[in-house]
Each structure stands twice: as structure tokens, then as C-alpha cells.
file structure.csv (CSV, C-alpha atoms and all ligand atoms)
chain,number,residue,atom,x,y,z
G,1053,MET,CA,113.7,-12.0,93.2
G,1054,TYR,CA,115.1,-11.2,96.6
G,1055,ILE,CA,113.5,-8.4,98.5
G,1056,ILE,CA,115.1,-6.9,101.5
G,1057,ASN,CA,112.8,-7.0,104.4
G,1058,ILE,CA,113.3,-3.7,106.2
G,1059,ASP,CA,111.1,-2.1,108.7
G,1060,ILE,CA,108.9,0.8,107.9
G,1061,GLU,CA,110.8,2.9,110.4
G,1062,TYR,CA,114.1,2.2,108.8
G,1063,ARG,CA,112.7,2.9,105.4
G,1064,VAL,CA,111.5,6.3,106.6
G,1065,LEU,CA,114.9,6.9,108.2
G,1066,ILE,CA,116.7,6.0,105.0
G,1067,GLY,CA,114.3,8.2,103.0
G,1068,ILE,CA,114.8,11.2,105.3
G,1069,SER,CA,118.6,10.6,105.2
G,1070,ALA,CA,118.6,10.5,101.5
G,1071,MET,CA,116.5,13.7,101.4
G,1072,VAL,CA,118.9,15.4,103.8
G,1073,ILE,CA,121.9,14.3,101.7
G,1074,LEU,CA,120.2,15.6,98.6
G,1075,PHE,CA,119.2,18.8,100.2
G,1076,THR,CA,122.7,19.4,101.6
G,1077,SER,CA,124.3,18.7,98.2
G,1078,PHE,CA,121.8,21.2,96.6
G,1079,LEU,CA,122.7,23.7,99.3
G,1080,ILE,CA,126.5,23.2,98.7
G,1081,ALA,CA,126.0,23.4,95.0
G,1082,PHE,CA,123.9,26.6,95.5
G,1083,VAL,CA,126.5,28.2,97.8
G,1084,ILE,CA,129.3,27.4,95.4
G,1085,SER,CA,127.5,28.9,92.5
G,1086,GLN,CA,126.6,32.0,94.5
G,1087,ARG,CA,130.3,32.4,95.5
G,1088,LYS,CA,131.3,32.0,91.9
G,1089,LYS,CA,128.8,34.7,91.0
G,1090,LEU,CA,130.1,37.0,93.7
G,1091,GLN,CA,133.7,36.4,92.6
G,1092,TYR,CA,132.7,37.2,89.0
G,1093,HIS,CA,131.0,40.4,90.1
G,1094,GLN,CA,134.0,41.4,92.1
G,1095,ASP,CA,136.3,40.7,89.2
G,1096,LEU,CA,134.0,42.7,86.9
G,1097,HIS,CA,134.1,45.6,89.4
G,1098,VAL,CA,137.9,45.6,89.5
G,1099,LEU,CA,138.0,45.5,85.7
G,1100,HIS,CA,135.6,48.3,85.5
G,1101,ASP,CA,137.6,50.4,88.0
G,1102,GLU,CA,140.8,49.7,86.0
G,1103,GLN,CA,139.1,50.7,82.7
G,1104,LYS,CA,137.7,53.9,84.4
G,1105,LYS,CA,141.2,54.8,85.6
G,1106,ASN,CA,142.7,54.2,82.1
G,1107,LEU,CA,140.0,56.3,80.6
G,1108,THR,CA,140.6,59.2,83.1
G,1109,GLU,CA,144.4,59.0,82.4
G,1110,GLN,CA,143.7,59.0,78.6
G,1111,ASN,CA,141.4,62.0,79.0
G,1112,GLU,CA,144.0,63.9,81.0
G,1113,LEU,CA,146.6,63.1,78.4
G,1114,LEU,CA,144.3,64.2,75.6
G,1115,GLU,CA,143.4,67.4,77.5
G,1116,LYS,CA,147.1,68.1,77.9
G,1117,HIS,CA,147.7,67.6,74.2
G,1118,VAL,CA,144.8,69.9,73.3
G,1119,GLN,CA,146.0,72.6,75.6
G,1120,GLN,CA,149.6,72.3,74.3
G,1121,ARG,CA,148.3,72.5,70.7
G,1122,THR,CA,146.1,75.5,71.6
G,1123,THR,CA,149.0,77.3,73.1
G,1124,GLU,CA,151.1,76.5,70.0
G,1125,LEU,CA,148.3,77.7,67.7
G,1126,SER,CA,147.8,81.0,69.6
G,1127,LYS,CA,151.5,81.6,69.5
G,1128,GLN,CA,151.6,81.0,65.8
G,1129,LYS,CA,148.6,83.2,65.4
G,1130,GLU,CA,150.3,86.0,67.3
G,1131,GLU,CA,153.5,85.6,65.2
G,1132,LEU,CA,151.4,85.8,62.1
G,1133,GLN,CA,149.6,88.9,63.3
G,1134,ASN,CA,153.0,90.5,64.1
G,1135,THR,CA,154.4,89.6,60.7
G,1136,LEU,CA,151.2,91.0,59.0
G,1137,ALA,CA,151.6,94.2,61.0
G,1138,HIS,CA,155.2,94.5,60.0
G,1139,LEU,CA,154.3,93.8,56.4
G,1140,LYS,CA,151.7,96.5,56.5
G,1141,THR,CA,154.1,99.1,57.9
G,1142,ALA,CA,156.7,98.1,55.3
G,1143,GLN,CA,154.1,98.4,52.6
G,1144,ALA,CA,153.1,101.9,53.8
G,1145,LYS,CA,156.7,103.0,54.0
G,1146,LEU,CA,157.3,101.7,50.5
G,1147,ILE,CA,154.3,103.5,49.1
G,1148,GLN,CA,155.4,106.6,50.9
G,1149,SER,CA,159.0,106.4,49.5
G,1150,GLU,CA,157.7,105.7,46.0
G,1151,LYS,CA,155.4,108.7,46.2
G,1152,MET,CA,158.2,110.9,47.5
G,1153,ALA,CA,160.6,109.7,44.8
G,1154,SER,CA,158.2,110.5,42.0
G,1155,LEU,CA,157.3,113.9,43.6
G,1156,GLY,CA,161.0,114.7,43.9
G,1157,GLU,CA,161.6,113.9,40.2
G,1158,LEU,CA,158.5,115.9,39.2
G,1159,THR,CA,159.8,118.8,41.3
G,1160,ALA,CA,163.2,118.7,39.6
G,1161,GLY,CA,161.6,118.5,36.2
G,1162,ILE,CA,159.3,121.5,36.9
G,1163,ALA,CA,162.3,123.5,38.2
G,1164,HIS,CA,164.2,123.0,35.0
G,1165,GLU,CA,161.2,124.2,33.0
G,1166,ILE,CA,160.7,127.3,35.2
G,1167,GLN,CA,164.3,128.4,35.5
G,1168,ASN,CA,164.7,129.7,32.0
G,1169,PRO,CA,161.7,132.0,31.8
G,1170,LEU,CA,162.4,133.1,35.3
G,1171,ASN,CA,165.9,134.2,34.3
G,1172,PHE,CA,164.3,136.3,31.6
G,1173,VAL,CA,161.9,137.9,34.1
G,1174,ASN,CA,164.8,138.7,36.5
G,1175,ASN,CA,167.2,139.9,33.9
G,1176,PHE,CA,164.7,142.1,32.0
G,1177,SER,CA,163.3,143.7,35.1
G,1178,ASP,CA,166.9,144.6,36.1
G,1179,LEU,CA,167.6,146.0,32.6
G,1180,SER,CA,164.3,147.9,32.6
G,1181,VAL,CA,165.2,149.7,35.9
G,1182,GLU,CA,168.5,150.8,34.3
G,1183,LEU,CA,166.6,151.9,31.1
G,1184,LEU,CA,164.2,154.0,33.2
G,1185,LYS,CA,167.1,155.6,34.9
G,1186,GLU,CA,168.6,156.5,31.5
G,1187,LEU,CA,165.3,157.8,30.4
G,1188,LYS,CA,165.0,160.0,33.4
G,1189,ASP,CA,168.6,161.3,33.1
G,1190,GLY,CA,168.5,161.7,29.3
G,1191,PRO,CA,165.5,162.4,27.0
G,1192,LEU,CA,163.2,163.5,29.9
G,1193,GLN,CA,165.4,166.5,30.6
G,1194,SER,CA,164.2,168.2,27.4
G,1195,LEU,CA,160.6,168.2,28.6
G,1196,SER,CA,158.9,171.2,30.3
G,1197,ASP,CA,159.0,171.2,34.1
G,1198,THR,CA,155.4,170.1,34.6
G,1199,GLN,CA,155.8,167.3,32.1
G,1200,LYS,CA,159.1,166.3,33.7
G,1201,LEU,CA,157.4,166.2,37.1
G,1202,GLU,CA,154.5,164.0,35.8
G,1203,ALA,CA,156.8,161.7,33.8
G,1204,GLY,CA,159.1,161.5,36.9
G,1205,LYS,CA,156.2,160.2,39.0
G,1206,ILE,CA,155.3,157.6,36.4
G,1207,ILE,CA,158.9,156.5,36.1
G,1208,GLU,CA,159.2,156.2,39.9
G,1209,ASP,CA,156.1,154.1,40.0
G,1210,LEU,CA,157.4,152.0,37.2
G,1211,SER,CA,160.7,151.6,39.0
G,1212,LEU,CA,158.9,150.5,42.1
G,1213,ASN,CA,156.9,147.9,40.1
G,1214,LEU,CA,160.0,146.6,38.5
G,1215,GLU,CA,161.8,146.3,41.9
G,1216,LYS,CA,158.8,144.2,43.1
G,1217,ILE,CA,159.0,142.1,40.0
G,1218,ASN,CA,162.7,141.6,40.6
G,1219,ASP,CA,162.3,140.8,44.4
G,1220,HIS,CA,159.6,138.3,43.8
G,1221,GLY,CA,161.5,136.9,40.8
G,1222,MET,CA,164.5,136.4,43.0
G,1223,ARG,CA,162.4,134.6,45.6
G,1224,ALA,CA,161.0,132.4,42.9
G,1225,GLY,CA,164.6,131.8,41.8
G,1226,SER,CA,165.6,130.6,45.3
G,1227,ILE,CA,162.6,128.2,45.3
G,1228,VAL,CA,163.7,126.9,41.9
G,1229,LYS,CA,167.3,126.5,43.2
G,1230,GLY,CA,165.9,124.5,46.1
G,1231,MET,CA,163.9,122.4,43.7
G,1232,LEU,CA,166.9,121.8,41.5
G,1233,LEU,CA,168.9,120.5,44.5
G,1234,HIS,CA,166.5,117.5,44.4
G,1235,SER,CA,167.9,116.4,41.0
G,1236,ARG,CA,171.5,116.9,42.2
G,1237,SER,CA,171.2,115.0,45.4
G,1238,ASN,CA,173.4,112.1,44.4
G,1239,SER,CA,176.2,114.1,42.8
G,1240,GLY,CA,178.6,114.5,45.8
G,1241,LYS,CA,181.3,112.0,46.7
G,1242,LYS,CA,181.1,109.8,49.8
G,1243,GLU,CA,183.8,110.3,52.3
G,1244,LEU,CA,184.7,108.9,55.7
G,1245,VAL,CA,183.3,111.5,58.1
G,1246,ASP,CA,183.1,111.9,61.9
G,1247,VAL,CA,179.3,112.3,62.2
G,1248,ASN,CA,179.6,113.8,65.7
G,1249,VAL,CA,181.9,116.6,64.5
G,1250,LEU,CA,179.6,117.2,61.4
G,1251,ALA,CA,176.4,117.3,63.5
G,1252,HIS,CA,178.0,119.7,66.0
G,1253,GLU,CA,179.3,122.0,63.3
G,1254,TYR,CA,176.0,122.3,61.5
G,1255,LEU,CA,174.0,122.8,64.7
G,1256,GLN,CA,176.2,125.8,65.5
G,1257,LEU,CA,176.0,127.0,61.9
G,1258,SER,CA,172.2,127.0,62.0
G,1259,TYR,CA,172.1,128.6,65.5
G,1260,PHE,CA,174.4,131.5,64.5
G,1261,GLY,CA,172.6,131.9,61.2
G,1262,ILE,CA,169.3,132.5,63.1
G,1263,ARG,CA,171.0,134.7,65.7
G,1264,ALA,CA,172.6,136.8,62.9
G,1265,ASN,CA,169.1,138.0,62.0
G,1266,ASP,CA,167.9,138.3,65.6
G,1267,LYS,CA,170.5,138.9,68.3
G,1268,SER,CA,167.8,138.8,71.1
G,1269,PHE,CA,167.1,135.1,70.4
G,1270,ILE,CA,168.8,132.7,72.8
G,1271,ALA,CA,168.3,129.0,72.9
G,1272,THR,CA,169.9,126.2,75.0
G,1273,LEU,CA,171.8,123.8,72.8
G,1274,ARG,CA,172.3,120.3,74.1
G,1275,THR,CA,174.4,117.6,72.5
G,1276,ASP,CA,174.9,114.0,73.5
G,1277,PHE,CA,177.3,112.2,71.1
G,1278,ASP,CA,178.1,108.6,71.1
G,1279,GLN,CA,181.9,108.5,70.8
G,1280,SER,CA,182.0,104.9,69.8
G,1281,ILE,CA,180.6,105.8,66.3
G,1282,GLY,CA,183.9,106.8,64.8
G,1283,THR,CA,183.7,107.6,61.1
G,1284,ILE,CA,181.1,106.6,58.6
G,1285,GLU,CA,180.9,107.0,54.8
G,1286,VAL,CA,178.6,109.8,53.8
G,1287,ILE,CA,178.4,112.8,51.4
G,1288,PRO,CA,179.4,115.4,54.0
G,1289,GLN,CA,177.8,118.5,52.3
G,1290,GLU,CA,174.5,116.6,51.9
G,1291,ILE,CA,174.3,115.4,55.5
G,1292,GLY,CA,175.3,118.9,56.5
G,1293,GLN,CA,172.4,120.3,54.5
G,1294,VAL,CA,170.0,117.9,56.2
G,1295,MET,CA,171.3,118.9,59.6
G,1296,VAL,CA,170.9,122.6,58.7
G,1297,ASN,CA,167.3,122.0,57.5
G,1298,LEU,CA,166.4,120.1,60.6
G,1299,CYS,CA,168.1,122.5,63.0
G,1300,ASN,CA,166.6,125.6,61.2
G,1301,ASN,CA,163.1,124.1,61.6
G,1302,ALA,CA,163.8,123.3,65.2
G,1303,PHE,CA,165.1,126.8,66.0
G,1304,TYR,CA,162.2,128.4,64.0
G,1305,SER,CA,159.7,126.4,66.1
G,1306,VAL,CA,161.2,127.2,69.5
G,1307,LYS,CA,161.5,130.9,68.5
G,1308,GLN,CA,157.8,131.0,67.7
G,1309,LYS,CA,157.0,129.4,71.0
G,1310,LYS,CA,159.3,131.8,72.8
G,1311,LYS,CA,157.4,134.7,71.2
G,1312,GLN,CA,154.1,133.3,72.7
G,1313,LEU,CA,155.3,132.2,76.1
G,1314,LYS,CA,158.1,134.7,76.8
G,1315,ASP,CA,159.9,134.3,80.2
G,1316,ILE,CA,158.2,131.1,81.3
G,1317,TYR,CA,159.7,129.2,78.5
G,1318,GLU,CA,163.3,128.0,77.8
G,1319,PRO,CA,163.9,127.0,74.2
G,1320,ILE,CA,166.0,123.9,73.9
G,1321,VAL,CA,167.3,122.2,70.8
G,1322,SER,CA,169.3,119.0,71.2
G,1323,VAL,CA,171.3,116.8,68.9
G,1324,ILE,CA,172.0,113.2,69.9
G,1325,THR,CA,173.9,110.5,68.1
G,1326,LYS,CA,173.7,106.8,68.9
G,1327,LYS,CA,175.2,103.6,67.5
G,1328,SER,CA,172.8,100.7,67.4
G,1329,ASN,CA,173.9,97.5,65.7
G,1330,ASP,CA,174.9,98.3,62.2
G,1331,LYS,CA,173.1,101.7,62.1
G,1332,ILE,CA,173.9,105.2,63.2
G,1333,GLU,CA,171.1,107.3,64.7
G,1334,ILE,CA,171.1,111.1,64.5
G,1335,ILE,CA,168.3,112.7,66.5
G,1336,VAL,CA,167.3,116.4,66.3
G,1337,ASN,CA,164.9,117.3,69.1
G,1338,ASP,CA,163.2,120.6,70.0
G,1339,ASN,CA,160.7,121.6,72.7
G,1340,GLY,CA,158.9,124.0,70.4
G,1341,ASN,CA,155.3,124.0,69.2
G,1342,GLY,CA,155.4,120.5,67.7
G,1343,ILE,CA,153.6,119.4,64.6
G,1344,PRO,CA,149.8,118.8,64.6
G,1345,SER,CA,149.0,115.1,63.8
G,1346,ARG,CA,146.7,116.1,60.9
G,1347,ILE,CA,149.7,117.5,58.9
G,1348,LEU,CA,152.4,115.1,60.1
G,1349,HIS,CA,152.1,112.9,57.0
G,1350,LYS,CA,152.5,115.9,54.7
G,1351,ILE,CA,155.7,117.5,56.0
G,1352,PHE,CA,158.1,115.6,53.8
G,1353,GLN,CA,156.2,116.5,50.6
G,1354,PRO,CA,157.8,119.2,48.4
G,1355,PHE,CA,156.3,122.7,48.9
G,1356,PHE,CA,154.4,121.8,52.1
G,1357,THR,CA,155.0,124.6,54.5
G,1358,THR,CA,153.0,126.3,57.3
G,1359,LYS,CA,155.4,129.3,57.4
G,1360,PRO,CA,154.2,132.7,56.1
G,1361,SER,CA,155.0,133.5,52.5
G,1362,GLY,CA,158.7,134.5,52.2
G,1363,GLN,CA,159.8,132.5,55.2
G,1364,GLY,CA,159.7,129.0,54.0
G,1365,THR,CA,159.5,127.2,50.6
G,1366,GLY,CA,158.5,123.8,52.0
G,1367,LEU,CA,161.5,122.1,50.4
G,1368,GLY,CA,163.8,121.6,53.4
G,1369,LEU,CA,162.4,118.3,54.6
G,1370,SER,CA,161.5,116.9,51.1
G,1371,LEU,CA,165.1,117.5,50.1
G,1372,SER,CA,166.4,116.0,53.4
G,1373,TYR,CA,164.2,113.0,52.8
G,1374,ASP,CA,165.7,112.4,49.4
G,1375,ILE,CA,169.3,112.8,50.6
G,1376,ILE,CA,168.8,110.3,53.4
G,1377,THR,CA,166.7,107.7,51.6
G,1378,LYS,CA,167.9,107.9,48.0
G,1379,GLY,CA,171.4,109.2,48.5
G,1380,HIS,CA,172.4,107.2,51.6
G,1381,GLY,CA,170.0,104.3,51.8
G,1382,GLY,CA,168.8,105.4,55.2
G,1383,HIS,CA,165.6,106.4,56.9
G,1384,ILE,CA,164.2,109.6,58.3
G,1385,ASP,CA,161.3,109.5,60.8
G,1386,VAL,CA,159.4,112.1,62.8
G,1387,GLU,CA,157.6,112.0,66.1
G,1388,SER,CA,155.8,114.9,67.7
G,1389,LYS,CA,153.3,116.1,70.2
G,1390,GLU,CA,151.5,119.3,69.3
G,1391,GLY,CA,152.6,122.1,71.6
G,1392,GLU,CA,155.3,120.0,73.3
G,1393,TYR,CA,158.1,118.7,71.0
G,1394,ALA,CA,159.2,117.6,67.6
G,1395,LYS,CA,161.8,114.8,67.2
G,1396,PHE,CA,163.4,113.9,63.9
G,1397,THR,CA,165.4,110.6,63.7
G,1398,ILE,CA,167.8,109.9,60.9
G,1399,LEU,CA,169.0,106.3,60.5
G,1400,LEU,CA,172.1,105.8,58.4
G,1401,PRO,CA,173.7,102.4,57.6
G,1402,GLN,CA,177.3,102.1,58.8
D,1501,LIG,N1,160.8,121.0,64.3
D,1501,LIG,C1,159.6,121.4,63.8
D,1501,LIG,N2,158.7,121.8,64.6
D,1501,LIG,C2,157.4,122.1,64.1
D,1501,LIG,N3,157.1,122.0,62.8
D,1501,LIG,C3,158.0,121.6,62.0
D,1501,LIG,C4,159.3,121.2,62.4
D,1501,LIG,N4,160.0,120.8,61.3
D,1501,LIG,C5,159.1,120.9,60.3
D,1501,LIG,N5,158.0,121.4,60.6
D,1501,LIG,C6,156.8,121.6,59.8
D,1501,LIG,O1,157.0,121.0,58.5
D,1501,LIG,C7,156.9,122.0,57.5
D,1501,LIG,C8,157.8,121.6,56.3
D,1501,LIG,O2,159.1,121.8,56.7
D,1501,LIG,P1,160.2,122.1,55.6
D,1501,LIG,O3,161.5,122.2,56.3
D,1501,LIG,O4,160.1,121.1,54.5
D,1501,LIG,O5,159.8,123.4,55.0
D,1501,LIG,P2,159.8,124.9,55.6
D,1501,LIG,O6,160.7,124.9,56.8
D,1501,LIG,O7,158.4,125.4,55.8
D,1501,LIG,O8,160.5,125.7,54.5
D,1501,LIG,P3,162.1,125.6,54.0
D,1501,LIG,O9,162.7,124.6,54.9
D,1501,LIG,O10,162.0,125.2,52.6
D,1501,LIG,O11,162.6,127.0,54.2
D,1501,LIG,C9,157.1,123.3,58.2
D,1501,LIG,O12,156.5,124.3,57.5
D,1501,LIG,C10,156.5,123.0,59.5
D,1501,LIG,O13,155.1,123.2,59.5
D,1502,MG,MG,162.6,124.0,56.8
call {"tool": "encode", "arguments": {"input": "structure.csv", "output": "C-alpha cells", "more": "lines below"}}
Ligand SMILES: Nc1ncnc2c1ncn2[C@@H]1O[C@H](COP(=O)(O)OP(=O)(O)OP(=O)(O)O)[C@@H](O)[C@H]1O
Ligand SMILES: [Mg+2]
result
Amino acid sequence: MYIINIDIEYRVLIGISAMVILFTSFLIAFVISQRKKLQYHQDLHVLHDEQKKNLTEQNELLEKHVQQRTTELSKQKEELQNTLAHLKTAQAKLIQSEKMASLGELTAGIAHEIQNPLNFVNNFSDLSVELLKELKDGPLQSLSDTQKLEAGKIIEDLSLNLEKINDHGMRAGSIVKGMLLHSRSNSGKKELVDVNVLAHEYLQLSYFGIRANDKSFIATLRTDFDQSIGTIEVIPQEIGQVMVNLCNNAFYSVKQKKKQLKDIYEPIVSVITKKSNDKIEIIVNDNGNGIPSRILHKIFQPFFTTKPSGQGTGLGLSLSYDIITKGHGGHIDVESKEGEYAKFTILLPQ
């Protein structure tokens, strides 16, 4: 075998060179691998940033959606609450009108039953007064003077009693008449009527009616009529009756307040008409004593009155309620502040 004969120095040199080459290649390999690692980390970082950005965008989008949905839901909730409130008022109104309808029928029924015996009371008290007169002028004349005097006194007392019976019987009769109007409130014929003219006529009628009994009473009458209303189909006598009832109540209230406040107070009763969509509004307003809230829900009930005996039967408003709701398919509402005003609004379909 051939062995190259090289000096020891060369051998060392070759060895060192080989080591240097080996080391350099390791170093290069190491640097390349480190660079790759660095690039990898940089790529990872970019990817991470991108993912983070995507995530934030998605989050924002989600938040937007949630917010939109929340607004929608709260709007729906509000709408539902409004509908519920409307339903509740409609239900209360329905219950009220059912109650009023059955009360009206009951009232009319009772009136029919009372009318007959009441006629007997009135007629026989009338007859008895005449019989007493005959007794006084006839058979009594044959008695002695002292007996005549005594019998005369008794007959006078009896006549007075009978007069009272007759007076109160008549009053009961007018109450019964009012009650009977309930059962007849559908009998009239509908006609095309100018509501403004009708309202004005009955306001005047009511005012002059009150003034006929008390000339010293003066009130300011105000009217504000919507001329675009034209004519509407109603039963004129019945709407007239409603207007008289409302105006009478208004004048009564301002008259009472005038008595209390005297010169510092100006009684005002106003009647306003308005056309709104397919409805006609008639408003009767007064600046009288108003209606206390504790009795406001009772005023349309038959026989509810706060007036002293003989001055009110408590049938005016219940009759008006029937005429407007049953007879004309409308509404009647009241609004009041005790001590300040009362406002009645009639809504009639056109
Ligand atoms: N404008 C008003 N101001 C104050 N209170 C009123 C008014 N209208 C009605 N009221 C109250 O409502 C009650 C009932 O009224 P309604 O017209 O039915 O009967 P009334 O006036 O007492 O008697 P009637 O009308 O049968 O003669 C009245 O007694 C009164 O207490
Ligand atoms: Mg009345």
C-alpha cells in the first residue's frame, strides 16, 4: 500500500483547515437554522395579529347585532305594553257599558212596575181632596158650630196631607217618566242635522230655562263651532235632550260656585264642536265646581245625584249615556278638576 509521506507540519495544517471548514459549515448551518426560526416566529406573529384583528372585527359585528336585536326587542316590548294598556282600557270601557246597559234596562223595567200604582196614588189623592171639599160644603153644614169648627180643622189637615201626597206623588211621577225615557231611547228617527245649529239652540234653551227661574243669574256663553262639520245623521230630539242635560248640569254647577264666590267669579259655559277624522266631537265645558274624583265613576249611573232632594233625579247623565252609546254608536267621556272645571266630550260617528 502507498502511503503519502507528508510532514507533520502539513498534517497539522491540513487538520486545522479541516476543522476550520467543519466549524464554518456548522456555523453556516446554525445561522441558517436560526434565520429560519426567526422567519417562522415572524410569520407566526403576523398570523397571530391577523387572527386578533379578525376576532376584534367579529366581536364588533356581534356586539352590533346584539345591540340591534336589543333595540328591536325593547321596541317590541314597548309596543306590546301599549297594546296591553289599550286592551285594558277597552276592557274597562266594555265592562262599564255592559253595566250601564243592564242598569238602564233594569231602570226602565222598574219604572213600568211603579207607574201603575203611582197613578193610583196621584189620582186618588186628587179625588180625595175634592171629596173633602164636598164633605165640608155638604154634610158638615148640618153639624153644630163647635163640631163644624173641629171637623173643619181635621178636614184642613187632611187636605194638607193629601196635597203633600199629591206633590210627592207628582215628583215620583216625573222620576218615573225620566226612567221610562231609557226604554224609549231608540224610538226616534234619524235625520240629517246641522249639529252646530242644534248645539247652539239647546245651549240657549237651557240658559233661558235656568234664567226663567232666577233672573239674577248671568253667565257668559261661549261657542266655537267647526263649520266644516256640515250635517250628520242623528235623532235630533235625543241629541237635543243630551245637550240640555249637559248644559243644565253645567249651569247648575257655575250657579252654585257663583253663590259661593260672588263678584270675584265669572261663570262661563262653553260649547265647542270639532271634526276629527270620521268623528264629530261636541264638548260642553264649564268653570264651575267640578266633580270630585271619588264620585267621577258614578255620575253616569241611574239615580246618582249630589243635588238636594227635589232638584235632581240623577237620571240626566245616565239617559244621555244611553242615547249616545246605544242610540248613536258614539262615546261620552268626562274630565274634571274639583273646584275648577268639568268637561263632557261626546264623540259621534259621522
Ligand atoms: N258639569 C258638572 N259639574 C259638576 N258636577 C256635575 C256636572 N255634571 C254632572 N255632575 C254631577 O253628576 C251628578 C249626576 O248628574 P245627572 O245629570 O245624571 O243627575 P242630576 O243633574 O243630579 O239630576 P237630573 O239631571 O236627573 O235632574 C250630578 O248630581 C253632579 O253631582
Ligand atoms: Mg242633570
call {"tool": "residues_near_ligand", "arguments": {"input": "structure.csv", "ligand": "ligand LIG 1501 (chain D)", "cutoff": "8 Å", "atoms": "only C-alpha atoms and all ligand atoms", "output": "PyMOL selection string"}}
result
chain G and resi 1227+1230+1297-1306+1337-1338+1340-1343+1347-1348+1350-1359+1363-1371+1393-1396
call {"tool": "atom_distance", "arguments": {"input": "structure.csv", "atom1": "CA of Asn1248 (chain G)", "atom2": "CA of Ala1271 (chain G)"}}
result
20.3 Å
call {"tool": "residues_around", "arguments": {"input": "structure.csv", "residues": "region 1183-1200 of chain G", "least_positions_apart": "5", "cutoff": "12 Å", "atoms": "only C-alpha atoms", "output": "PyMOL selection string"}}
result
chain G and resi 1176-1178+1205-1215
call {"tool": "closest_residue", "arguments": {"input": "structure.csv", "among": "G:Val1294, G:Ser1126, G:Asn1339, G:Gly1156", "to": "ligand MG 1502 (chain D)", "atoms": "all atoms listed in the file"}}
result
G:Val1294
call {"tool": "closest_residue", "arguments": {"input": "structure.csv", "among": "G:Ser1154, G:Ser1149, G:Ser1388, G:Ser1372", "to": "ligand MG 1502 (chain D)", "atoms": "only C-alpha atoms and all ligand atoms"}}
result
G:Ser1372
